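Raw contents of entry.tsv, TSV, C-alpha atoms and all ligand atoms:
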```
chain	number	residue	atom	x	y	z
B	1	MET	CA	157.76	37.71	86.53
B	2	ASP	CA	154.24	37.04	85.32
B	3	ARG	CA	152.09	39.93	86.46
B	4	ARG	CA	149.31	37.56	87.40
B	5	ARG	CA	151.41	36.16	90.20
B	6	PHE	CA	150.76	39.41	92.00
B	7	LEU	CA	147.03	39.12	91.80
B	8	GLN	CA	145.33	38.66	95.09
B	9	GLY	CA	142.18	36.81	94.23
B	10	ALA	CA	139.20	37.57	92.16
B	11	THR	CA	135.53	38.24	92.22
B	12	ILE	CA	132.83	37.10	89.89
B	13	ALA	CA	131.00	39.78	87.99
B	14	SER	CA	128.03	41.22	89.81
B	15	GLY	CA	124.73	39.37	89.74
B	16	MET	CA	122.51	37.11	91.73
B	17	ALA	CA	123.18	33.44	91.86
B	18	LEU	CA	121.04	30.36	91.95
B	19	THR	CA	122.38	27.24	93.50
B	20	THR	CA	121.10	23.71	93.36
B	21	GLN	CA	120.23	24.19	97.02
B	22	GLY	CA	118.18	27.27	96.31
B	23	PHE	CA	118.78	30.98	95.99
B	24	ALA	CA	122.01	32.58	97.10
B	25	LYS	CA	122.16	36.24	98.13
B	26	ALA	CA	125.21	37.03	96.05
B	27	VAL	CA	127.70	35.29	93.86
B	28	PRO	CA	130.69	34.16	95.87
B	29	ALA	CA	134.04	35.86	95.78
B	30	ALA	CA	136.66	33.32	96.63
B	31	PRO	CA	140.21	34.54	96.82
B	32	ALA	CA	142.59	31.73	97.64
B	33	ALA	CA	145.04	32.64	100.36
B	34	GLY	CA	148.15	33.97	98.75
B	35	GLY	CA	147.08	34.43	95.21
B	36	MET	CA	145.54	32.68	92.26
B	37	VAL	CA	142.03	31.34	92.41
B	38	PRO	CA	141.29	28.13	90.61
B	39	ARG	CA	137.87	28.58	89.05
B	40	VAL	CA	135.83	26.89	86.36
B	41	VAL	CA	132.81	28.25	84.51
B	42	SER	CA	130.56	26.73	81.91
B	43	THR	CA	127.41	27.30	79.93
B	44	TRP	CA	123.87	26.28	80.88
B	45	ASP	CA	122.54	24.42	83.89
B	46	PHE	CA	124.24	21.17	82.96
B	47	GLY	CA	127.47	23.12	83.52
B	48	VAL	CA	127.03	22.58	87.26
B	49	ALA	CA	127.79	18.85	87.11
B	50	ALA	CA	130.48	19.40	84.50
B	51	ASN	CA	132.16	22.02	86.66
B	52	GLN	CA	132.21	19.65	89.61
B	53	ALA	CA	134.16	17.10	87.56
B	54	ALA	CA	136.56	19.82	86.46
B	55	TRP	CA	136.88	20.97	90.04
B	56	LYS	CA	138.19	17.56	91.09
B	57	VAL	CA	141.16	18.24	88.84
B	58	LEU	CA	141.62	21.90	89.79
B	59	SER	CA	141.25	21.39	93.54
B	60	ALA	CA	143.93	18.72	93.43
B	61	GLY	CA	146.32	21.21	91.86
B	62	GLY	CA	145.78	19.87	88.35
B	63	ARG	CA	146.12	21.59	85.01
B	64	SER	CA	143.24	23.58	83.57
B	65	LEU	CA	143.50	21.62	80.31
B	66	ASP	CA	142.81	18.36	82.14
B	67	ALA	CA	140.02	20.05	84.09
B	68	VAL	CA	138.11	21.23	81.03
B	69	GLU	CA	138.48	17.91	79.27
B	70	GLN	CA	137.24	15.96	82.29
B	71	GLY	CA	134.50	18.50	82.90
B	72	VAL	CA	132.85	18.46	79.50
B	73	ARG	CA	133.05	14.69	79.27
B	74	VAL	CA	130.23	14.65	81.87
B	75	PRO	CA	127.50	16.09	79.60
B	76	GLU	CA	129.03	14.21	76.66
B	77	ALA	CA	128.24	10.99	78.52
B	78	ASP	CA	124.84	12.07	79.84
B	79	LEU	CA	122.21	10.34	77.72
B	80	ARG	CA	119.52	12.73	79.02
B	81	ASN	CA	121.40	15.60	77.42
B	82	HIS	CA	120.18	15.94	73.85
B	83	SER	CA	122.60	18.61	72.75
B	84	VAL	CA	126.01	17.20	73.62
B	85	GLY	CA	127.71	13.87	72.94
B	86	LYS	CA	125.94	10.52	72.92
B	87	GLY	CA	122.18	11.07	73.14
B	88	GLY	CA	122.45	14.27	71.11
B	89	TYR	CA	119.69	14.91	68.60
B	90	PRO	CA	120.64	13.89	65.08
B	91	ASP	CA	120.73	15.83	61.84
B	92	ARG	CA	117.77	15.70	59.46
B	93	ASP	CA	119.02	12.38	58.08
B	94	GLY	CA	119.05	10.81	61.54
B	95	LYS	CA	122.83	10.92	61.95
B	96	VAL	CA	124.37	12.18	65.18
B	97	THR	CA	127.39	14.28	64.23
B	98	LEU	CA	129.49	15.90	66.93
B	99	ASP	CA	131.70	19.00	67.06
B	100	ALA	CA	134.28	19.90	69.72
B	101	SER	CA	137.31	22.07	70.33
B	102	ILE	CA	139.90	22.52	73.06
B	103	MET	CA	142.56	25.14	73.68
B	104	ASP	CA	145.35	25.39	76.25
B	105	GLU	CA	147.36	28.11	77.92
B	106	HIS	CA	150.03	28.04	75.21
B	107	GLY	CA	147.57	28.74	72.43
B	108	ASN	CA	147.65	25.12	71.29
B	109	CYS	CA	144.32	23.99	69.97
B	110	GLY	CA	142.57	21.01	68.45
B	111	ALA	CA	139.12	20.32	67.09
B	112	VAL	CA	136.88	17.82	65.37
B	113	ALA	CA	133.75	18.54	63.38
B	114	ALA	CA	130.88	16.51	61.98
B	115	MET	CA	132.33	13.39	63.55
B	116	GLU	CA	130.10	10.36	63.94
B	117	HIS	CA	130.26	7.31	66.23
B	118	ILE	CA	132.64	8.65	68.89
B	119	ALA	CA	131.08	9.52	72.24
B	120	HIS	CA	133.78	11.85	73.51
B	121	PRO	CA	134.73	14.27	70.75
B	122	ILE	CA	136.50	16.56	73.23
B	123	SER	CA	139.12	13.88	73.89
B	124	VAL	CA	139.61	13.36	70.16
B	125	ALA	CA	140.03	17.14	69.79
B	126	ARG	CA	142.74	16.98	72.44
B	127	ARG	CA	144.50	14.19	70.55
B	128	VAL	CA	144.35	16.27	67.37
B	129	MET	CA	146.02	19.06	69.33
B	130	GLU	CA	148.65	16.90	70.98
B	131	ARG	CA	149.40	14.22	68.41
B	132	THR	CA	149.04	15.85	65.03
B	133	PRO	CA	150.40	19.02	63.45
B	134	HIS	CA	146.81	19.97	62.58
B	135	VAL	CA	144.05	21.90	64.30
B	136	LEU	CA	140.82	20.54	62.82
B	137	LEU	CA	139.79	17.13	61.50
B	138	VAL	CA	136.35	16.62	60.04
B	139	GLY	CA	133.86	13.91	59.17
B	140	ASP	CA	135.22	10.54	58.10
B	141	GLY	CA	138.81	11.69	58.60
B	142	ALA	CA	138.09	12.64	62.20
B	143	LEU	CA	136.41	9.27	62.76
B	144	GLN	CA	139.32	7.41	61.16
B	145	PHE	CA	141.79	9.27	63.37
B	146	ALA	CA	139.73	8.60	66.49
B	147	LEU	CA	139.53	4.88	65.73
B	148	GLU	CA	143.27	4.74	65.06
B	149	GLN	CA	143.76	6.40	68.44
B	150	GLY	CA	141.78	3.63	70.10
B	151	PHE	CA	138.47	5.39	70.74
B	152	PRO	CA	135.58	2.90	70.59
B	153	ARG	CA	133.10	3.11	67.73
B	154	GLU	CA	129.58	3.50	69.13
B	155	GLU	CA	126.01	4.04	68.03
B	156	LEU	CA	125.28	7.55	69.26
B	157	LEU	CA	121.60	7.72	68.35
B	158	THR	CA	119.71	6.73	71.48
B	159	PRO	CA	116.10	5.49	71.40
B	160	ASP	CA	114.96	8.82	72.89
B	161	ALA	CA	116.74	10.88	70.26
B	162	ASP	CA	115.52	8.56	67.51
B	163	LYS	CA	111.95	8.99	68.72
B	164	ALA	CA	112.27	12.79	68.82
B	165	TRP	CA	113.71	12.78	65.29
B	166	HIS	CA	110.80	10.70	63.99
B	167	GLU	CA	108.37	13.10	65.67
B	168	TRP	CA	110.13	16.01	64.00
B	169	LEU	CA	109.99	14.30	60.62
B	170	LYS	CA	106.20	14.33	60.77
B	171	THR	CA	106.08	18.11	60.47
B	172	ALA	CA	109.60	18.90	59.24
B	173	LYS	CA	109.88	22.19	57.46
B	174	TYR	CA	113.60	22.76	57.70
B	175	LYS	CA	114.97	22.47	54.20
B	176	PRO	CA	117.51	25.21	53.51
B	177	VAL	CA	118.90	23.51	50.43
B	178	ALA	CA	119.84	25.04	47.11
B	179	ASN	CA	116.82	26.57	45.36
B	180	SER	CA	114.79	26.41	48.53
B	181	GLU	CA	113.19	29.59	49.72
B	182	VAL	CA	113.21	28.34	53.28
B	183	LYS	CA	116.33	29.70	54.93
B	184	THR	CA	115.25	29.85	58.52
B	185	TYR	CA	116.86	28.19	61.49
B	186	ASN	CA	115.05	25.39	63.20
B	187	ALA	CA	113.33	26.29	66.46
B	188	GLY	CA	112.72	23.89	69.33
B	189	PRO	CA	109.60	23.65	71.48
B	190	GLY	CA	110.63	26.92	73.17
B	191	GLY	CA	110.23	28.70	69.86
B	192	THR	CA	113.59	30.43	69.71
B	193	PRO	CA	116.33	28.99	67.50
B	194	GLY	CA	119.33	28.36	69.71
B	195	ASP	CA	117.48	28.21	72.99
B	196	ALA	CA	117.79	25.47	75.55
B	197	THR	CA	114.92	23.50	74.01
B	198	ASN	CA	116.50	23.17	70.61
B	199	HIS	CA	120.23	22.90	71.02
B	200	ASP	CA	122.85	24.09	73.40
B	201	THR	CA	126.48	23.52	73.88
B	202	ILE	CA	128.75	23.14	76.82
B	203	GLY	CA	131.51	25.70	76.66
B	204	MET	CA	133.87	25.61	79.63
B	205	LEU	CA	136.72	27.85	80.76
B	206	ALA	CA	139.04	27.05	83.66
B	207	ILE	CA	141.89	28.78	85.42
B	208	ASP	CA	144.20	26.64	87.53
B	209	ALA	CA	146.31	27.36	90.59
B	210	LYS	CA	149.19	28.42	88.37
B	211	GLY	CA	146.97	30.99	86.72
B	212	ASN	CA	146.83	29.11	83.43
B	213	LEU	CA	143.66	29.18	81.37
B	214	SER	CA	142.19	26.51	79.11
B	215	GLY	CA	138.86	26.06	77.41
B	216	ALA	CA	136.70	23.35	75.86
B	217	CYS	CA	133.53	23.39	73.83
B	218	THR	CA	131.47	20.37	72.69
B	219	THR	CA	128.09	19.90	71.08
B	220	SER	CA	125.87	17.83	68.84
B	221	GLY	CA	124.98	21.13	67.20
B	222	MET	CA	121.66	22.26	65.91
B	223	ALA	CA	119.05	19.52	66.06
B	224	TRP	CA	117.81	18.38	62.63
B	225	LYS	CA	120.61	20.31	60.88
B	226	LEU	CA	121.61	19.55	57.31
B	227	HIS	CA	123.99	16.63	57.21
B	228	GLY	CA	127.50	18.10	57.20
B	229	ARG	CA	126.52	21.33	58.91
B	230	VAL	CA	129.18	22.55	61.32
B	231	GLY	CA	128.50	25.21	63.92
B	232	ASP	CA	130.74	27.53	65.88
B	233	SER	CA	131.80	25.09	68.59
B	234	PRO	CA	134.76	23.46	66.79
B	235	ILE	CA	135.85	26.69	65.11
B	236	ILE	CA	138.69	28.25	67.07
B	237	GLY	CA	137.89	31.92	67.54
B	238	ALA	CA	134.17	31.39	67.05
B	239	GLY	CA	132.94	28.93	69.69
B	240	LEU	CA	136.09	29.05	71.80
B	241	TYR	CA	139.15	31.18	72.25
B	242	VAL	CA	141.76	31.34	75.01
B	243	ASP	CA	144.63	33.76	75.37
B	244	ASN	CA	146.58	33.21	78.57
B	245	GLU	CA	147.57	36.87	78.68
B	246	VAL	CA	143.97	38.12	78.55
B	247	GLY	CA	141.30	35.51	79.20
B	248	GLY	CA	139.00	33.09	77.46
B	249	ALA	CA	135.56	33.08	75.90
B	250	THR	CA	133.09	30.53	74.65
B	251	SER	CA	129.66	30.62	73.09
B	252	THR	CA	126.39	28.82	72.71
B	253	GLY	CA	123.34	29.30	70.55
B	254	VAL	CA	122.98	29.66	66.81
B	255	GLY	CA	126.52	28.97	65.68
B	256	GLU	CA	126.23	30.60	62.27
B	257	GLU	CA	125.80	34.02	63.88
B	258	VAL	CA	128.82	33.42	66.08
B	259	ILE	CA	130.99	32.30	63.18
B	260	ARG	CA	130.03	35.36	61.12
B	261	ASN	CA	131.33	37.59	63.88
B	262	VAL	CA	134.25	35.43	65.09
B	263	GLY	CA	132.54	35.79	68.44
B	264	SER	CA	134.84	34.29	71.06
B	265	PHE	CA	137.94	35.89	69.55
B	266	LEU	CA	136.07	39.18	69.54
B	267	VAL	CA	135.22	38.84	73.23
B	268	VAL	CA	138.84	38.14	74.13
B	269	GLU	CA	140.09	41.04	72.02
B	270	LEU	CA	137.57	43.37	73.68
B	271	MET	CA	138.86	42.24	77.08
B	272	ARG	CA	142.39	42.93	75.87
B	273	GLN	CA	141.27	46.47	75.18
B	274	GLY	CA	140.13	46.79	78.78
B	275	ARG	CA	136.51	45.72	78.77
B	276	SER	CA	135.23	43.56	81.60
B	277	PRO	CA	134.19	40.01	80.67
B	278	GLU	CA	130.50	40.95	80.89
B	279	ASP	CA	130.93	44.11	78.86
B	280	ALA	CA	132.94	42.27	76.22
B	281	CYS	CA	130.24	39.59	75.93
B	282	ARG	CA	127.56	42.25	75.67
B	283	GLU	CA	129.38	44.08	72.90
B	284	ALA	CA	129.85	40.82	70.97
B	285	VAL	CA	126.12	40.08	71.25
B	286	GLU	CA	125.21	43.60	70.20
B	287	ARG	CA	127.51	43.47	67.23
B	288	ILE	CA	125.64	40.39	66.01
B	289	ILE	CA	122.35	42.27	66.29
B	290	ARG	CA	123.70	45.48	64.73
B	291	ARG	CA	124.91	43.59	61.70
B	292	LYS	CA	121.76	41.53	61.40
B	293	PRO	CA	118.76	42.94	63.29
B	294	ASP	CA	116.73	39.75	62.72
B	295	ALA	CA	119.19	37.95	64.98
B	296	ARG	CA	117.33	39.41	67.94
B	297	ASP	CA	114.84	36.57	67.47
B	298	LEU	CA	117.58	33.97	67.92
B	299	GLN	CA	119.56	32.92	70.94
B	300	VAL	CA	123.32	33.37	71.23
B	301	GLY	CA	125.17	33.56	74.53
B	302	PHE	CA	128.79	34.31	75.35
B	303	LEU	CA	130.63	33.43	78.54
B	304	ALA	CA	134.05	34.85	79.38
B	305	MET	CA	136.63	34.76	82.14
B	306	ASP	CA	139.72	36.91	82.41
B	307	THR	CA	143.10	35.97	83.82
B	308	LYS	CA	142.09	37.22	87.28
B	309	GLY	CA	139.13	34.85	87.35
B	310	ASN	CA	136.54	37.58	86.76
B	311	VAL	CA	133.54	36.09	84.98
B	312	GLY	CA	130.88	37.65	82.77
B	313	ALA	CA	128.25	36.61	80.26
B	314	TRP	CA	125.65	38.08	77.95
B	315	ALA	CA	122.98	36.63	75.67
B	316	ILE	CA	120.58	37.90	73.05
B	317	GLN	CA	117.55	36.47	74.84
B	318	LYS	CA	116.58	35.73	78.41
B	319	GLY	CA	116.98	32.13	79.50
B	320	PHE	CA	120.73	31.69	79.19
B	321	SER	CA	122.47	30.52	82.34
B	322	TYR	CA	126.01	29.68	83.33
B	323	ALA	CA	127.61	27.76	86.15
B	324	VAL	CA	130.52	28.88	88.30
B	325	CYS	CA	132.60	26.68	90.57
B	326	ASP	CA	135.49	27.52	92.86
B	327	ALA	CA	136.74	26.82	96.37
B	328	ALA	CA	133.86	28.75	97.92
B	329	LYS	CA	131.02	27.00	96.11
B	330	GLN	CA	130.78	24.23	93.58
B	331	ASP	CA	127.18	24.51	92.37
B	332	THR	CA	126.50	28.14	91.56
B	333	LEU	CA	124.17	28.72	88.62
B	334	ILE	CA	123.78	32.29	87.41
B	335	PRO	CA	121.05	33.61	85.12
B	336	GLY	CA	122.74	35.31	82.21
B	337	LYS	CA	121.92	38.94	81.45
B	338	SER	CA	120.51	39.58	78.02
B	339	SER	CA	119.73	42.28	75.50
B	340	TYR	CA	116.06	41.26	75.10
M	401	LIG	N1	126.47	26.66	69.07
M	401	LIG	C1	126.19	25.32	68.69
M	401	LIG	C2	125.99	25.21	67.23
M	401	LIG	O1	125.49	26.12	66.61
M	401	LIG	C3	125.05	24.69	69.33
M	401	LIG	C4	124.40	25.35	70.47
M	401	LIG	O2	125.02	26.02	71.25
M	401	LIG	O3	123.23	25.19	70.66
M	401	LIG	O4	126.27	24.16	66.72
```

Just dump the structure as structure tokens.
Amino acid sequence: MDRRRFLQGATIASGMALTTQGFAKAVPAAPAAGGMVPRVVSTWDFGVAANQAAWKVLSAGGRSLDAVEQGVRVPEADLRNHSVGKGGYPDRDGKVTLDASIMDEHGNCGAVAAMEHIAHPISVARRVMERTPHVLLVGDGALQFALEQGFPREELLTPDADKAWHEWLKTAKYKPVANSEVKTYNAGPGGTPGDATNHDTIGMLAIDAKGNLSGACTTSGMAWKLHGRVGDSPIIGAGLYVDNEVGGATSTGVGEEVIRNVGSFLVVELMRQGRSPEDACREAVERIIRRKPDARDLQVGFLAMDTKGNVGAWAIQKGFSYAVCDAAKQDTLIPGKSSY
């Protein structure tokens, strides 16, 4: 028998919680009577609304895979969100290109990268997983597949995003092309590459009433990126990894640093070795900094959940937050701990 059937509930890793109603004294622990705790977690403050959509699926006894897909479709459709889906900031050529990945409890996975004109890349990623023998489709091929699957072709560049891009063009310095000496990441108004003012991703992990884990990750990537640039989000093992025997992890921030360290896979493997979700995330962040000390000036955050529903996160810089939703509370927002 699956050992997780014996588990009697779970608690979230220690920490104080913010809710949309104000400040909570402690994060909730919400064991469901008799065993498994459905729970969904996701990155950043916009994770609260996404979690609530996922919770509709989980609380009705649905599958975690359906929950994460439905959940991340919320920020994908939110035109005020300039880092995910339609309304996302474009690359330096003014093209909105989207990345997404999804992974289920069986280790099945699907992803799309640098895909234009489709508002819900997460659902295309799921189709790649379920209807092709492949894992990752990119660019025009991903778009062709999505159209063949019946997804509508849309203009993703909103007037707001177009305006912001034109503003950026006035002072644009980001030109890391061959023979260029400029190889820095692009910072947003907050000044830190990868922070919430420049780009951020929704990464979501859910555990359902059967104790099965799934994850999803979707983004428009780094604002003003080179056309064709792909970050960590659609790379299985980098932006997302789920192992139903151990737990799941997802990441946000400067994707290149996550890819170099195969970040989400690393977090899951550290949990397999016995680390708590928070400790595993912290070690993954610190490995990035050990290998490249300059990375301390960037933002990268990891979020993880184990098979018991324990949750933890860690980021390089202050300012990272993650949302937790379960039967006890559907709008918990927790400030992520950080190394700096
Ligand atoms: N990690 C994503 C990327 O690098 C974007 C982000 O989280 O801000 O594409």

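Between B:Leu147 and the residues B:Val246, B:Ile118, B:Ala284, B:Ala323, the shortest atom-to-atom distance, using only C-alpha atoms, involves B:Ile118.
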
Nearest residue to B:Leu240 from the set B:Trp168, B:Phe46, B:Phe145, B:Phe302 (distances using only C-alpha atoms)
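Ranking B:Trp168, B:Phe46, B:Phe145, B:Phe302 by distance to B:Leu240, first place goes to B:Phe302.
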
Counting only C-alpha atoms and all ligand atoms, what residues are within 8 Å of ligand LIG 401 (chain M), given as JSON, numbers by chain?
{"B": [83, 99, 194, 195, 196, 198, 199, 200, 201, 202, 219, 220, 221, 222, 230, 231, 232, 233, 239, 251, 252, 253, 254, 255, 256, 258, 300]}

Stretch 192-288 of chain B near stretch 52-63 of chain B within 10 Å: what's each residue's closest atom pair and its distance in Å to one decimal, counting all atoms listed in the file, ordered by chain then ascending residue number, as a Markdown table?
```
| residue | atom | partner | partner_atom | distance |
| --- | --- | --- | --- | --- |
| B:Met204 | CA | B:Ala54 | CA | 9.3 |
| B:Leu205 | CA | B:Ala54 | CA | 9.8 |
| B:Ala206 | CA | B:Ala54 | CA | 8.1 |
| B:Ile207 | CA | B:Leu58 | CA | 8.2 |
| B:Asp208 | CA | B:Leu58 | CA | 5.9 |
| B:Ala209 | CA | B:Gly61 | CA | 6.3 |
| B:Lys210 | CA | B:Arg63 | CA | 8.2 |
| B:Gly211 | CA | B:Arg63 | CA | 9.6 |
| B:Asn212 | CA | B:Arg63 | CA | 7.7 |
| B:Leu213 | CA | B:Arg63 | CA | 8.8 |
| B:Ser214 | CA | B:Arg63 | CA | 8.6 |
```

Write the residues of the preceding selection, restricted to C-alpha atoms, as a PDB file, in the coordinates of the input.
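Full text of part06.pdb as output:
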```
ATOM      1  CA  MET B 204     133.870  25.610  79.630  1.00  0.00           C
ATOM      2  CA  LEU B 205     136.720  27.850  80.760  1.00  0.00           C
ATOM      3  CA  ALA B 206     139.040  27.050  83.660  1.00  0.00           C
ATOM      4  CA  ILE B 207     141.890  28.780  85.420  1.00  0.00           C
ATOM      5  CA  ASP B 208     144.200  26.640  87.530  1.00  0.00           C
ATOM      6  CA  ALA B 209     146.310  27.360  90.590  1.00  0.00           C
ATOM      7  CA  LYS B 210     149.190  28.420  88.370  1.00  0.00           C
ATOM      8  CA  GLY B 211     146.970  30.990  86.720  1.00  0.00           C
ATOM      9  CA  ASN B 212     146.830  29.110  83.430  1.00  0.00           C
ATOM     10  CA  LEU B 213     143.660  29.180  81.370  1.00  0.00           C
ATOM     11  CA  SER B 214     142.190  26.510  79.110  1.00  0.00           C
TER      12      SER B 214
END
```

Do a neighbour search on stretch 259-272 of chain B at 10 Å with only C-alpha atoms, toss out local chain neighbours closer than 2 positions, and write the hits as a PyMOL selection string.
chain B and resi 231-233+235-243+245-251+254-257+274-285+287-288+291+300-306

Can you spit out the residues from that selection as a PDB file, keeping the file's coordinate frame, using C-alpha atoms?
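The resulting file, out13.pdb, is shown below:
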```pdb
ATOM      1  CA  GLY B 231     128.500  25.210  63.920  1.00  0.00           C
ATOM      2  CA  ASP B 232     130.740  27.530  65.880  1.00  0.00           C
ATOM      3  CA  SER B 233     131.800  25.090  68.590  1.00  0.00           C
ATOM      4  CA  ILE B 235     135.850  26.690  65.110  1.00  0.00           C
ATOM      5  CA  ILE B 236     138.690  28.250  67.070  1.00  0.00           C
ATOM      6  CA  GLY B 237     137.890  31.920  67.540  1.00  0.00           C
ATOM      7  CA  ALA B 238     134.170  31.390  67.050  1.00  0.00           C
ATOM      8  CA  GLY B 239     132.940  28.930  69.690  1.00  0.00           C
ATOM      9  CA  LEU B 240     136.090  29.050  71.800  1.00  0.00           C
ATOM     10  CA  TYR B 241     139.150  31.180  72.250  1.00  0.00           C
ATOM     11  CA  VAL B 242     141.760  31.340  75.010  1.00  0.00           C
ATOM     12  CA  ASP B 243     144.630  33.760  75.370  1.00  0.00           C
ATOM     13  CA  GLU B 245     147.570  36.870  78.680  1.00  0.00           C
ATOM     14  CA  VAL B 246     143.970  38.120  78.550  1.00  0.00           C
ATOM     15  CA  GLY B 247     141.300  35.510  79.200  1.00  0.00           C
ATOM     16  CA  GLY B 248     139.000  33.090  77.460  1.00  0.00           C
ATOM     17  CA  ALA B 249     135.560  33.080  75.900  1.00  0.00           C
ATOM     18  CA  THR B 250     133.090  30.530  74.650  1.00  0.00           C
ATOM     19  CA  SER B 251     129.660  30.620  73.090  1.00  0.00           C
ATOM     20  CA  VAL B 254     122.980  29.660  66.810  1.00  0.00           C
ATOM     21  CA  GLY B 255     126.520  28.970  65.680  1.00  0.00           C
ATOM     22  CA  GLU B 256     126.230  30.600  62.270  1.00  0.00           C
ATOM     23  CA  GLU B 257     125.800  34.020  63.880  1.00  0.00           C
ATOM     24  CA  GLY B 274     140.130  46.790  78.780  1.00  0.00           C
ATOM     25  CA  ARG B 275     136.510  45.720  78.770  1.00  0.00           C
ATOM     26  CA  SER B 276     135.230  43.560  81.600  1.00  0.00           C
ATOM     27  CA  PRO B 277     134.190  40.010  80.670  1.00  0.00           C
ATOM     28  CA  GLU B 278     130.500  40.950  80.890  1.00  0.00           C
ATOM     29  CA  ASP B 279     130.930  44.110  78.860  1.00  0.00           C
ATOM     30  CA  ALA B 280     132.940  42.270  76.220  1.00  0.00           C
ATOM     31  CA  CYS B 281     130.240  39.590  75.930  1.00  0.00           C
ATOM     32  CA  ARG B 282     127.560  42.250  75.670  1.00  0.00           C
ATOM     33  CA  GLU B 283     129.380  44.080  72.900  1.00  0.00           C
ATOM     34  CA  ALA B 284     129.850  40.820  70.970  1.00  0.00           C
ATOM     35  CA  VAL B 285     126.120  40.080  71.250  1.00  0.00           C
ATOM     36  CA  ARG B 287     127.510  43.470  67.230  1.00  0.00           C
ATOM     37  CA  ILE B 288     125.640  40.390  66.010  1.00  0.00           C
ATOM     38  CA  ARG B 291     124.910  43.590  61.700  1.00  0.00           C
ATOM     39  CA  VAL B 300     123.320  33.370  71.230  1.00  0.00           C
ATOM     40  CA  GLY B 301     125.170  33.560  74.530  1.00  0.00           C
ATOM     41  CA  PHE B 302     128.790  34.310  75.350  1.00  0.00           C
ATOM     42  CA  LEU B 303     130.630  33.430  78.540  1.00  0.00           C
ATOM     43  CA  ALA B 304     134.050  34.850  79.380  1.00  0.00           C
ATOM     44  CA  MET B 305     136.630  34.760  82.140  1.00  0.00           C
ATOM     45  CA  ASP B 306     139.720  36.910  82.410  1.00  0.00           C
TER      46      ASP B 306
END
```

Could you pull out every residue with an atom within 9 Å of (131.9, 9.6, 69.7), file coordinates, counting all atoms listed in the file, and send them as a VMD selection string?
chain B and resid 76 85 to 86 97 to 98 115 to 121 124 143 146 151 to 156

Selection file, C-alpha atoms, as an mmCIF file, keeping the file's coordinate frame:
```cif
data_model
loop_
_atom_site.group_PDB
_atom_site.id
_atom_site.type_symbol
_atom_site.label_atom_id
_atom_site.label_comp_id
_atom_site.auth_asym_id
_atom_site.auth_seq_id
_atom_site.Cartn_x
_atom_site.Cartn_y
_atom_site.Cartn_z
ATOM 1 C CA GLU B 76 129.030 14.210 76.660
ATOM 2 C CA GLY B 85 127.710 13.870 72.940
ATOM 3 C CA LYS B 86 125.940 10.520 72.920
ATOM 4 C CA THR B 97 127.390 14.280 64.230
ATOM 5 C CA LEU B 98 129.490 15.900 66.930
ATOM 6 C CA MET B 115 132.330 13.390 63.550
ATOM 7 C CA GLU B 116 130.100 10.360 63.940
ATOM 8 C CA HIS B 117 130.260 7.310 66.230
ATOM 9 C CA ILE B 118 132.640 8.650 68.890
ATOM 10 C CA ALA B 119 131.080 9.520 72.240
ATOM 11 C CA HIS B 120 133.780 11.850 73.510
ATOM 12 C CA PRO B 121 134.730 14.270 70.750
ATOM 13 C CA VAL B 124 139.610 13.360 70.160
ATOM 14 C CA LEU B 143 136.410 9.270 62.760
ATOM 15 C CA ALA B 146 139.730 8.600 66.490
ATOM 16 C CA PHE B 151 138.470 5.390 70.740
ATOM 17 C CA PRO B 152 135.580 2.900 70.590
ATOM 18 C CA ARG B 153 133.100 3.110 67.730
ATOM 19 C CA GLU B 154 129.580 3.500 69.130
ATOM 20 C CA GLU B 155 126.010 4.040 68.030
ATOM 21 C CA LEU B 156 125.280 7.550 69.260
#
```

Separation of atom CA of B:Arg39 from atom CA of B:Val128, in Å and rounded to one decimal
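Going from atom CA of B:Arg39 over to atom CA of B:Val128, I get 25.8 Å.
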
Hey, which of B:Ala50, B:Leu298, B:Leu65, B:Val37 ends up closest to B:Glu105? Count only C-alpha atoms.
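Of B:Ala50, B:Leu298, B:Leu65, B:Val37, the one nearest B:Glu105, counting only C-alpha atoms, is B:Leu65.
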
Judged by only C-alpha atoms, the minimum distance to B:Pro234 among B:Val112, B:Ile334, B:Ala142, B:Ala172 is found for B:Val112

Please complete stretch 246-250 of chain B with N, CA, C and O atoms and give it back as a tab-separated table (two decimals), in the coordinates of the input.
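The result, stored in result-v3.tsv:
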```tsv
chain	number	residue	atom	x	y	z
B	246	VAL	N	145.17	37.27	78.49
B	246	VAL	CA	143.97	38.12	78.55
B	246	VAL	C	142.80	37.41	79.22
B	246	VAL	O	142.23	37.89	80.20
B	247	GLY	N	142.45	36.24	78.69
B	247	GLY	CA	141.30	35.51	79.20
B	247	GLY	C	140.77	34.57	78.14
B	247	GLY	O	141.40	34.37	77.10
B	248	GLY	N	139.61	34.03	78.41
B	248	GLY	CA	139.00	33.09	77.46
B	248	GLY	C	137.54	33.40	77.28
B	248	GLY	O	136.91	34.08	78.10
B	249	ALA	N	136.99	32.90	76.17
B	249	ALA	CA	135.56	33.08	75.90
B	249	ALA	C	135.04	31.86	75.18
B	249	ALA	O	135.78	31.17	74.46
B	250	THR	N	133.75	31.62	75.35
B	250	THR	CA	133.09	30.53	74.65
B	250	THR	C	131.65	30.94	74.37
B	250	THR	O	131.17	31.92	74.94
```
